[in-house]
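File shown: run.tsv (TSV, C-alpha atoms).
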```
chain	number	residue	atom	x	y	z
A	90	MET	CA	60.24	181.14	-79.20
A	91	PRO	CA	56.71	182.37	-78.28
A	92	PRO	CA	54.23	183.27	-81.02
A	93	PRO	CA	53.32	186.95	-81.49
A	94	GLU	CA	50.29	188.27	-79.63
A	95	ARG	CA	48.43	188.72	-82.92
A	96	ALA	CA	49.42	186.69	-85.94
A	97	PRO	CA	49.41	188.52	-89.30
A	98	GLY	CA	46.16	187.97	-91.14
A	99	LEU	CA	44.11	187.09	-88.03
A	100	SER	CA	42.61	190.63	-87.78
A	101	ARG	CA	39.97	190.28	-85.04
A	102	LEU	CA	41.43	187.35	-83.08
A	103	ASP	CA	44.74	186.74	-81.38
A	104	VAL	CA	46.22	183.26	-81.62
A	105	ASP	CA	44.94	181.99	-78.26
A	106	GLU	CA	41.43	183.23	-79.01
A	107	ALA	CA	41.51	181.59	-82.41
A	108	LEU	CA	42.64	178.25	-81.00
A	109	GLU	CA	39.97	178.30	-78.29
A	110	LEU	CA	37.27	179.19	-80.81
A	111	LEU	CA	38.39	176.44	-83.21
A	112	ALA	CA	38.51	173.82	-80.47
A	113	ARG	CA	35.33	174.68	-78.56
A	114	GLY	CA	33.06	176.60	-80.90
A	115	ARG	CA	29.95	175.32	-82.67
A	116	LEU	CA	30.96	174.08	-86.11
A	117	GLU	CA	28.48	174.61	-88.96
A	118	LEU	CA	29.23	173.48	-92.49
A	119	VAL	CA	28.78	175.94	-95.34
A	120	GLY	CA	30.19	174.13	-98.36
A	121	ARG	CA	32.98	172.03	-99.83
A	122	LEU	CA	36.21	173.15	-101.49
A	123	VAL	CA	35.85	171.04	-104.61
A	124	ASP	CA	39.43	171.41	-105.86
A	125	ALA	CA	40.83	169.51	-102.87
A	126	SER	CA	41.68	165.82	-103.30
A	127	ASN	CA	40.45	164.98	-99.78
A	128	ALA	CA	37.19	166.12	-98.16
A	129	THR	CA	37.86	169.78	-97.35
A	130	LEU	CA	34.87	171.60	-95.92
A	131	TYR	CA	34.36	175.34	-95.50
A	132	ALA	CA	32.61	176.09	-92.22
A	133	THR	CA	31.93	178.66	-89.56
A	134	VAL	CA	32.79	178.22	-85.91
A	135	THR	CA	30.94	180.21	-83.25
A	136	ALA	CA	31.26	180.69	-79.49
A	137	ALA	CA	30.18	183.45	-77.08
A	138	GLY	CA	29.02	185.66	-79.93
A	139	VAL	CA	32.32	185.40	-81.83
A	140	GLU	CA	32.32	183.80	-85.27
A	141	ALA	CA	35.11	182.92	-87.68
A	142	ALA	CA	35.42	181.01	-90.91
A	143	CYS	CA	37.46	177.81	-90.90
A	144	VAL	CA	38.42	174.72	-92.86
A	145	TYR	CA	37.38	171.33	-91.49
A	146	LYS	CA	39.03	168.18	-92.87
A	147	PRO	CA	37.50	165.05	-91.34
A	148	VAL	CA	39.63	161.92	-91.09
A	149	ALA	CA	36.72	160.00	-92.63
A	150	GLY	CA	37.11	162.02	-95.83
A	151	GLU	CA	40.80	161.27	-96.38
A	152	ARG	CA	41.70	159.48	-99.59
A	153	PRO	CA	44.05	156.50	-99.02
A	154	LEU	CA	47.65	157.10	-100.14
A	155	TRP	CA	50.22	154.43	-100.93
A	156	ASP	CA	53.03	156.17	-99.01
A	157	PHE	CA	51.22	157.44	-95.89
A	158	PRO	CA	49.23	155.39	-93.36
A	159	ASP	CA	45.46	155.68	-93.71
A	160	GLY	CA	43.69	158.15	-91.45
A	161	THR	CA	46.79	160.15	-90.47
A	162	LEU	CA	46.62	163.27	-92.63
A	163	ALA	CA	44.65	165.42	-90.19
A	164	ALA	CA	47.11	164.67	-87.40
A	165	ARG	CA	49.99	165.64	-89.70
A	166	GLU	CA	48.33	168.99	-90.35
A	167	VAL	CA	48.13	169.62	-86.61
A	168	ALA	CA	51.73	168.48	-86.14
A	169	ALA	CA	52.86	170.96	-88.80
A	170	TYR	CA	51.09	173.72	-86.89
A	171	ARG	CA	52.87	172.75	-83.68
A	172	VAL	CA	56.24	172.98	-85.44
A	173	SER	CA	55.21	176.30	-86.98
A	174	VAL	CA	54.47	177.66	-83.51
A	175	ALA	CA	57.89	176.50	-82.31
A	176	THR	CA	59.58	178.48	-85.10
A	177	GLY	CA	57.74	181.70	-84.24
A	178	TRP	CA	57.39	182.33	-87.99
A	179	GLU	CA	53.59	181.94	-88.10
A	180	ILE	CA	53.66	179.86	-91.27
A	181	VAL	CA	50.63	177.65	-90.56
A	182	PRO	CA	47.32	179.25	-89.50
A	183	PRO	CA	45.93	178.20	-86.09
A	184	THR	CA	44.99	174.52	-86.35
A	185	VAL	CA	43.44	172.04	-83.92
A	186	MET	CA	42.14	168.49	-83.88
A	187	ARG	CA	38.49	168.27	-82.89
A	188	ASP	CA	35.25	166.41	-83.42
A	189	GLY	CA	32.85	167.65	-86.08
A	190	PRO	CA	29.78	166.74	-88.10
A	191	PHE	CA	31.70	163.94	-89.87
A	192	GLY	CA	33.78	162.84	-86.92
A	193	PRO	CA	37.28	163.78	-85.78
A	194	GLY	CA	39.34	165.95	-88.06
A	195	MET	CA	41.54	168.97	-88.26
A	196	CYS	CA	40.03	172.45	-88.03
A	197	GLN	CA	42.05	175.42	-89.29
A	198	LEU	CA	41.31	179.13	-89.25
A	199	TRP	CA	40.34	180.46	-92.66
A	200	ILE	CA	42.74	183.12	-93.92
A	201	GLU	CA	41.45	185.91	-96.16
A	202	THR	CA	43.95	186.36	-98.97
A	203	ASP	CA	45.01	189.29	-101.10
A	204	GLN	CA	43.39	188.42	-104.42
A	205	THR	CA	45.58	190.92	-106.28
A	206	VAL	CA	48.73	188.84	-105.69
A	207	ASP	CA	49.98	186.77	-108.63
A	208	LEU	CA	50.80	183.39	-107.06
A	209	VAL	CA	53.15	182.42	-109.89
A	210	ALA	CA	55.17	185.60	-109.40
A	211	LEU	CA	55.03	185.18	-105.62
A	212	ALA	CA	56.34	181.60	-105.76
A	213	ARG	CA	59.29	182.80	-107.85
A	214	SER	CA	60.05	185.78	-105.61
A	215	ASP	CA	62.55	186.34	-102.82
A	216	HIS	CA	59.80	187.07	-100.28
A	217	PRO	CA	61.29	186.66	-96.78
A	218	GLN	CA	58.36	184.55	-95.62
A	219	LEU	CA	58.96	182.13	-98.49
A	220	ARG	CA	62.62	181.84	-97.46
A	221	ARG	CA	61.39	180.83	-94.02
A	222	MET	CA	58.78	178.49	-95.49
A	223	ALA	CA	61.48	176.70	-97.49
A	224	VAL	CA	63.31	175.98	-94.22
A	225	PHE	CA	60.09	174.93	-92.48
A	226	ASP	CA	59.24	172.54	-95.34
A	227	ALA	CA	62.67	170.94	-95.06
A	228	VAL	CA	62.09	170.34	-91.34
A	229	VAL	CA	58.62	168.82	-91.72
A	230	ASN	CA	59.56	167.01	-94.95
A	231	ASN	CA	56.71	168.52	-96.93
A	232	ALA	CA	55.93	166.31	-99.92
A	233	ASP	CA	53.53	168.75	-101.60
A	234	ARG	CA	54.32	172.48	-101.43
A	235	LYS	CA	52.25	173.74	-104.36
A	236	GLY	CA	51.84	177.36	-105.34
A	237	GLY	CA	48.16	177.14	-104.44
A	238	HIS	CA	49.15	176.34	-100.86
A	239	LEU	CA	50.54	179.88	-100.43
A	240	LEU	CA	48.12	182.35	-98.83
A	241	PRO	CA	49.31	185.95	-99.16
A	242	THR	CA	47.45	188.45	-96.99
A	243	VAL	CA	46.88	192.16	-97.52
A	244	ASP	CA	49.46	193.00	-94.83
A	245	GLY	CA	52.21	191.20	-96.77
A	246	HIS	CA	52.40	188.03	-94.69
A	247	VAL	CA	52.29	184.64	-96.45
A	248	PHE	CA	50.75	181.63	-94.76
A	249	GLY	CA	51.21	178.05	-95.92
A	250	VAL	CA	48.46	175.41	-95.80
A	251	ASP	CA	47.80	171.77	-96.73
A	252	HIS	CA	50.39	169.88	-94.69
A	253	GLY	CA	48.72	166.46	-94.67
A	254	VAL	CA	51.63	164.77	-96.45
A	255	CYS	CA	54.43	165.87	-94.14
A	256	PHE	CA	56.66	164.01	-91.66
A	257	SER	CA	57.30	160.89	-93.70
A	258	PRO	CA	60.32	159.01	-92.32
A	259	GLU	CA	61.56	158.80	-95.93
A	260	ASP	CA	62.99	161.89	-97.65
A	261	LYS	CA	60.10	163.25	-99.74
A	262	LEU	CA	60.65	167.00	-100.01
A	263	ARG	CA	58.70	168.24	-103.05
A	264	THR	CA	58.22	171.96	-103.39
A	265	LEU	CA	58.19	174.97	-105.70
A	266	LEU	CA	60.47	176.81	-103.29
A	267	TRP	CA	63.88	175.78	-104.61
A	268	ARG	CA	65.06	179.35	-105.24
A	269	TRP	CA	67.54	179.16	-102.36
A	270	ARG	CA	68.76	175.60	-102.95
A	271	GLY	CA	72.28	175.07	-101.67
A	272	GLN	CA	72.59	178.64	-100.36
A	273	PRO	CA	73.74	179.33	-96.79
A	274	LEU	CA	70.99	179.58	-94.22
A	275	THR	CA	70.57	182.97	-92.60
A	276	ALA	CA	71.69	183.51	-89.02
A	277	ASP	CA	68.02	183.93	-88.07
A	278	ALA	CA	67.18	180.56	-89.61
A	279	ILE	CA	70.01	178.84	-87.74
A	280	ASP	CA	68.83	180.40	-84.46
A	281	VAL	CA	65.25	179.28	-85.09
A	282	LEU	CA	66.28	175.76	-86.07
A	283	SER	CA	68.36	175.51	-82.90
A	284	ALA	CA	65.40	176.66	-80.82
A	285	VAL	CA	63.10	174.09	-82.45
A	286	ARG	CA	65.73	171.40	-81.89
A	287	SER	CA	65.84	172.27	-78.19
A	288	ALA	CA	62.04	172.18	-78.05
A	289	LEU	CA	62.16	168.67	-79.48
A	290	ASP	CA	64.00	167.58	-76.34
A	291	GLY	CA	60.98	168.68	-74.31
A	292	GLY	CA	57.37	169.68	-74.77
A	293	LEU	CA	57.32	169.77	-78.55
A	294	ARG	CA	58.48	166.16	-78.72
A	295	ALA	CA	55.65	165.10	-76.41
A	296	ASP	CA	53.16	167.04	-78.54
A	297	LEU	CA	54.36	165.45	-81.76
A	298	LEU	CA	54.33	161.94	-80.29
A	299	GLU	CA	50.58	162.35	-79.77
A	300	LEU	CA	50.19	162.96	-83.51
A	301	LEU	CA	53.01	161.05	-85.24
A	302	THR	CA	54.87	157.78	-84.83
A	303	ARG	CA	58.06	157.63	-82.80
A	304	ARG	CA	60.04	156.97	-85.98
A	305	GLU	CA	58.55	160.02	-87.68
A	306	VAL	CA	59.51	162.22	-84.74
A	307	THR	CA	63.01	160.74	-84.62
A	308	ARG	CA	63.46	161.44	-88.32
A	309	THR	CA	62.29	165.03	-87.79
A	310	VAL	CA	65.03	165.46	-85.20
A	311	ALA	CA	67.54	164.00	-87.67
A	312	ARG	CA	66.47	166.45	-90.40
A	313	LEU	CA	66.91	169.34	-87.98
A	314	ASP	CA	70.36	168.13	-86.97
A	315	ARG	CA	71.33	167.81	-90.65
A	316	LEU	CA	70.14	171.33	-91.48
A	317	ILE	CA	71.91	172.85	-88.48
A	318	ALA	CA	75.15	171.02	-89.21
A	319	GLY	CA	75.09	171.78	-92.95
A	320	ARG	CA	73.89	175.39	-92.51
A	321	ARG	CA	72.49	175.38	-96.05
A	322	TYR	CA	69.14	175.09	-97.77
A	323	PRO	CA	68.58	171.55	-99.08
A	324	MET	CA	69.21	170.57	-102.68
A	325	PRO	CA	66.62	168.78	-104.84
A	326	SER	CA	66.95	165.04	-104.84
A	327	GLU	CA	67.94	163.18	-107.99
A	328	GLU	CA	66.01	160.09	-106.82
A	329	TRP	CA	62.43	161.38	-106.98
A	330	PRO	CA	60.49	164.32	-108.51
A	331	ALA	CA	61.47	167.42	-106.53
A	332	VAL	CA	58.55	169.54	-107.76
A	333	PRO	CA	54.92	168.61	-106.97
A	334	TRP	CA	52.46	167.94	-109.77
A	335	PRO	CA	50.45	169.85	-110.60
A	336	PRO	CA	52.64	172.72	-109.35
A	337	PHE	CA	49.60	174.94	-108.57
```

For this file, produce the structure as structure tokens.
Amino acid sequence: MPPPERAPGLSRLDVDEALELLARGRLELVGRLVDASNATLYATVTAAGVEAACVYKPVAGERPLWDFPDGTLAAREVAAYRVSVATGWEIVPPTVMRDGPFGPGMCQLWIETDQTVDLVALARSDHPQLRRMAVFDAVVNNADRKGGHLLPTVDGHVFGVDHGVCFSPEDKLRTLLWRWRGQPLTADAIDVLSAVRSALDGGLRADLLELLTRREVTRTVARLDRLIAGRRYPMPSEEWPAVPWPPF
């Protein structure tokens, strides 16, 4: 399923323009987002007179985790973007892997958010983009969907960010988005999951194998097959905390 010509929230740039700018533009650091656990740098990227704000997360600034291999979080962010593109739901902002002032890392378009939105109320709502995000998180096995990772825009779209702890081969789904647990998936969700599953027999699989291990990709296929066969939103596990901490 192809992405829309202009993703919600991108305003001046279409998706292809954003990806080219992120990959090829001159990256200049502005500051650091101090609330992030890993090095997360706010920057501008400029090319041919076009400038955009972005987030740059260098591999060198990743904090070691006991349950994910060192130096893999940036690649997981890019892999999540590739799956987002395959869904056509525009959940993850345009994201690339590139070199930067502190070495290779992921570079993601900065999304201006609607500051009037109450994130607590949003996370508890039946917003259609959150319904989709809950499905997406089940596919990528998101271990950390906090409320602060939701980016609502003034046009009503909701992006999701911070996907560095996705794609574990072990079941690790931790999220605030359990509102639809156990409910039937919509027909649209089944169609999208089937399209992503088909893509994983072709180009998407090759893309993910450049970013993840073969086992991680195989387990992603298995999660898709399980969702399509069950036709329901997943249930929280009784074997590990199903809600991230802190939740926001």

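The spacing separating CA of Val148 (chain A) from CA of Arg121 (chain A) amounts to 14.9 Å.
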
Counting all atoms listed in the file, the option among A:Phe337, A:Trp155, A:Phe225, A:Trp329 closest to Leu265 (chain A):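 The closest residue to Leu265 (chain A) is A:Phe337.
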
Neighbouring residues of Leu122 (chain A) were defined as those with any atom within 12 Å, considering all atoms listed in the file; residues of the same chain fewer than 2 positions away were excluded. Please report them as a PDB file with C-alpha atoms, in the frame of the given file.
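The file below, selection39.pdb, is the result:
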```pdb
ATOM      1  CA  LEU A 118      29.230 173.480 -92.490  1.00  0.00           C
ATOM      2  CA  VAL A 119      28.780 175.940 -95.340  1.00  0.00           C
ATOM      3  CA  GLY A 120      30.190 174.130 -98.360  1.00  0.00           C
ATOM      4  CA  ASP A 124      39.430 171.410-105.860  1.00  0.00           C
ATOM      5  CA  ALA A 125      40.830 169.510-102.870  1.00  0.00           C
ATOM      6  CA  SER A 126      41.680 165.820-103.300  1.00  0.00           C
ATOM      7  CA  ASN A 127      40.450 164.980 -99.780  1.00  0.00           C
ATOM      8  CA  ALA A 128      37.190 166.120 -98.160  1.00  0.00           C
ATOM      9  CA  THR A 129      37.860 169.780 -97.350  1.00  0.00           C
ATOM     10  CA  LEU A 130      34.870 171.600 -95.920  1.00  0.00           C
ATOM     11  CA  TYR A 131      34.360 175.340 -95.500  1.00  0.00           C
ATOM     12  CA  ALA A 132      32.610 176.090 -92.220  1.00  0.00           C
ATOM     13  CA  CYS A 143      37.460 177.810 -90.900  1.00  0.00           C
ATOM     14  CA  VAL A 144      38.420 174.720 -92.860  1.00  0.00           C
ATOM     15  CA  TYR A 145      37.380 171.330 -91.490  1.00  0.00           C
ATOM     16  CA  LYS A 146      39.030 168.180 -92.870  1.00  0.00           C
TER      17      LYS A 146
END
```

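Among A:Ile317, A:Ala288, A:Val172, A:Ala142, the residue with the shortest atom-to-atom distance to Val229 (chain A), counting all atoms listed in the file, is A:Val172.
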
Closest to Leu111 (chain A) among A:Leu266, A:Val228, A:Val209, A:Ala141, using only C-alpha atoms?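 For Leu111 (chain A), the nearest of the given residues is A:Ala141.
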
Go through A:Asp207, A:Glu109, A:Glu166, A:Glu259 and flag the residue nearest Gly236 (chain A), using all atoms listed in the file for the distances.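 Among the listed residues, A:Asp207 lies closest to Gly236 (chain A).
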
Show me, as a PDB file with C-alpha atoms, keeping the file's coordinate frame, the residues that have an atom within 8 Å of Val247 (chain A) when counting only C-alpha atoms, minus same-chain residues fewer than 2 positions from it.
```
ATOM      1  CA  ILE A 180      53.660 179.860 -91.270  1.00  0.00           C
ATOM      2  CA  GLN A 218      58.360 184.550 -95.620  1.00  0.00           C
ATOM      3  CA  LEU A 219      58.960 182.130 -98.490  1.00  0.00           C
ATOM      4  CA  LEU A 239      50.540 179.880-100.430  1.00  0.00           C
ATOM      5  CA  LEU A 240      48.120 182.350 -98.830  1.00  0.00           C
ATOM      6  CA  PRO A 241      49.310 185.950 -99.160  1.00  0.00           C
ATOM      7  CA  THR A 242      47.450 188.450 -96.990  1.00  0.00           C
ATOM      8  CA  GLY A 245      52.210 191.200 -96.770  1.00  0.00           C
ATOM      9  CA  GLY A 249      51.210 178.050 -95.920  1.00  0.00           C
TER      10      GLY A 249
END
```

Taking (59.9, 170.1, -108.9) in the file's own coordinates, collect the residues within 7 Å, counting all atoms listed in the file, and hand them back as a ChimeraX atom specification. /A:263-265,330-333

What is the distance, in Å and to one decimal place, between CA of Glu328 (chain A) and CA of Arg234 (chain A)?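 These two atoms are separated by 17.9 Å.
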
Using all atoms listed in the file, list the residues that have an atom at most 12 Å from (64.5, 174.1, -94.9), coordinates as in the file, as a ChimeraX atom specification. /A:176,219-231,262-264,266-275,278-279,281-282,309,312-317,319-325

Neighbour list for Pro183 (chain A) as an NGL selection string, cut-off 12 Å, all atoms listed in the file, skip fewer than 2 positions in-chain: :A and (92 or 95-99 or 102-112 or 141-144 or 166-174 or 179-181 or 185-186 or 195-200 or 248-250)
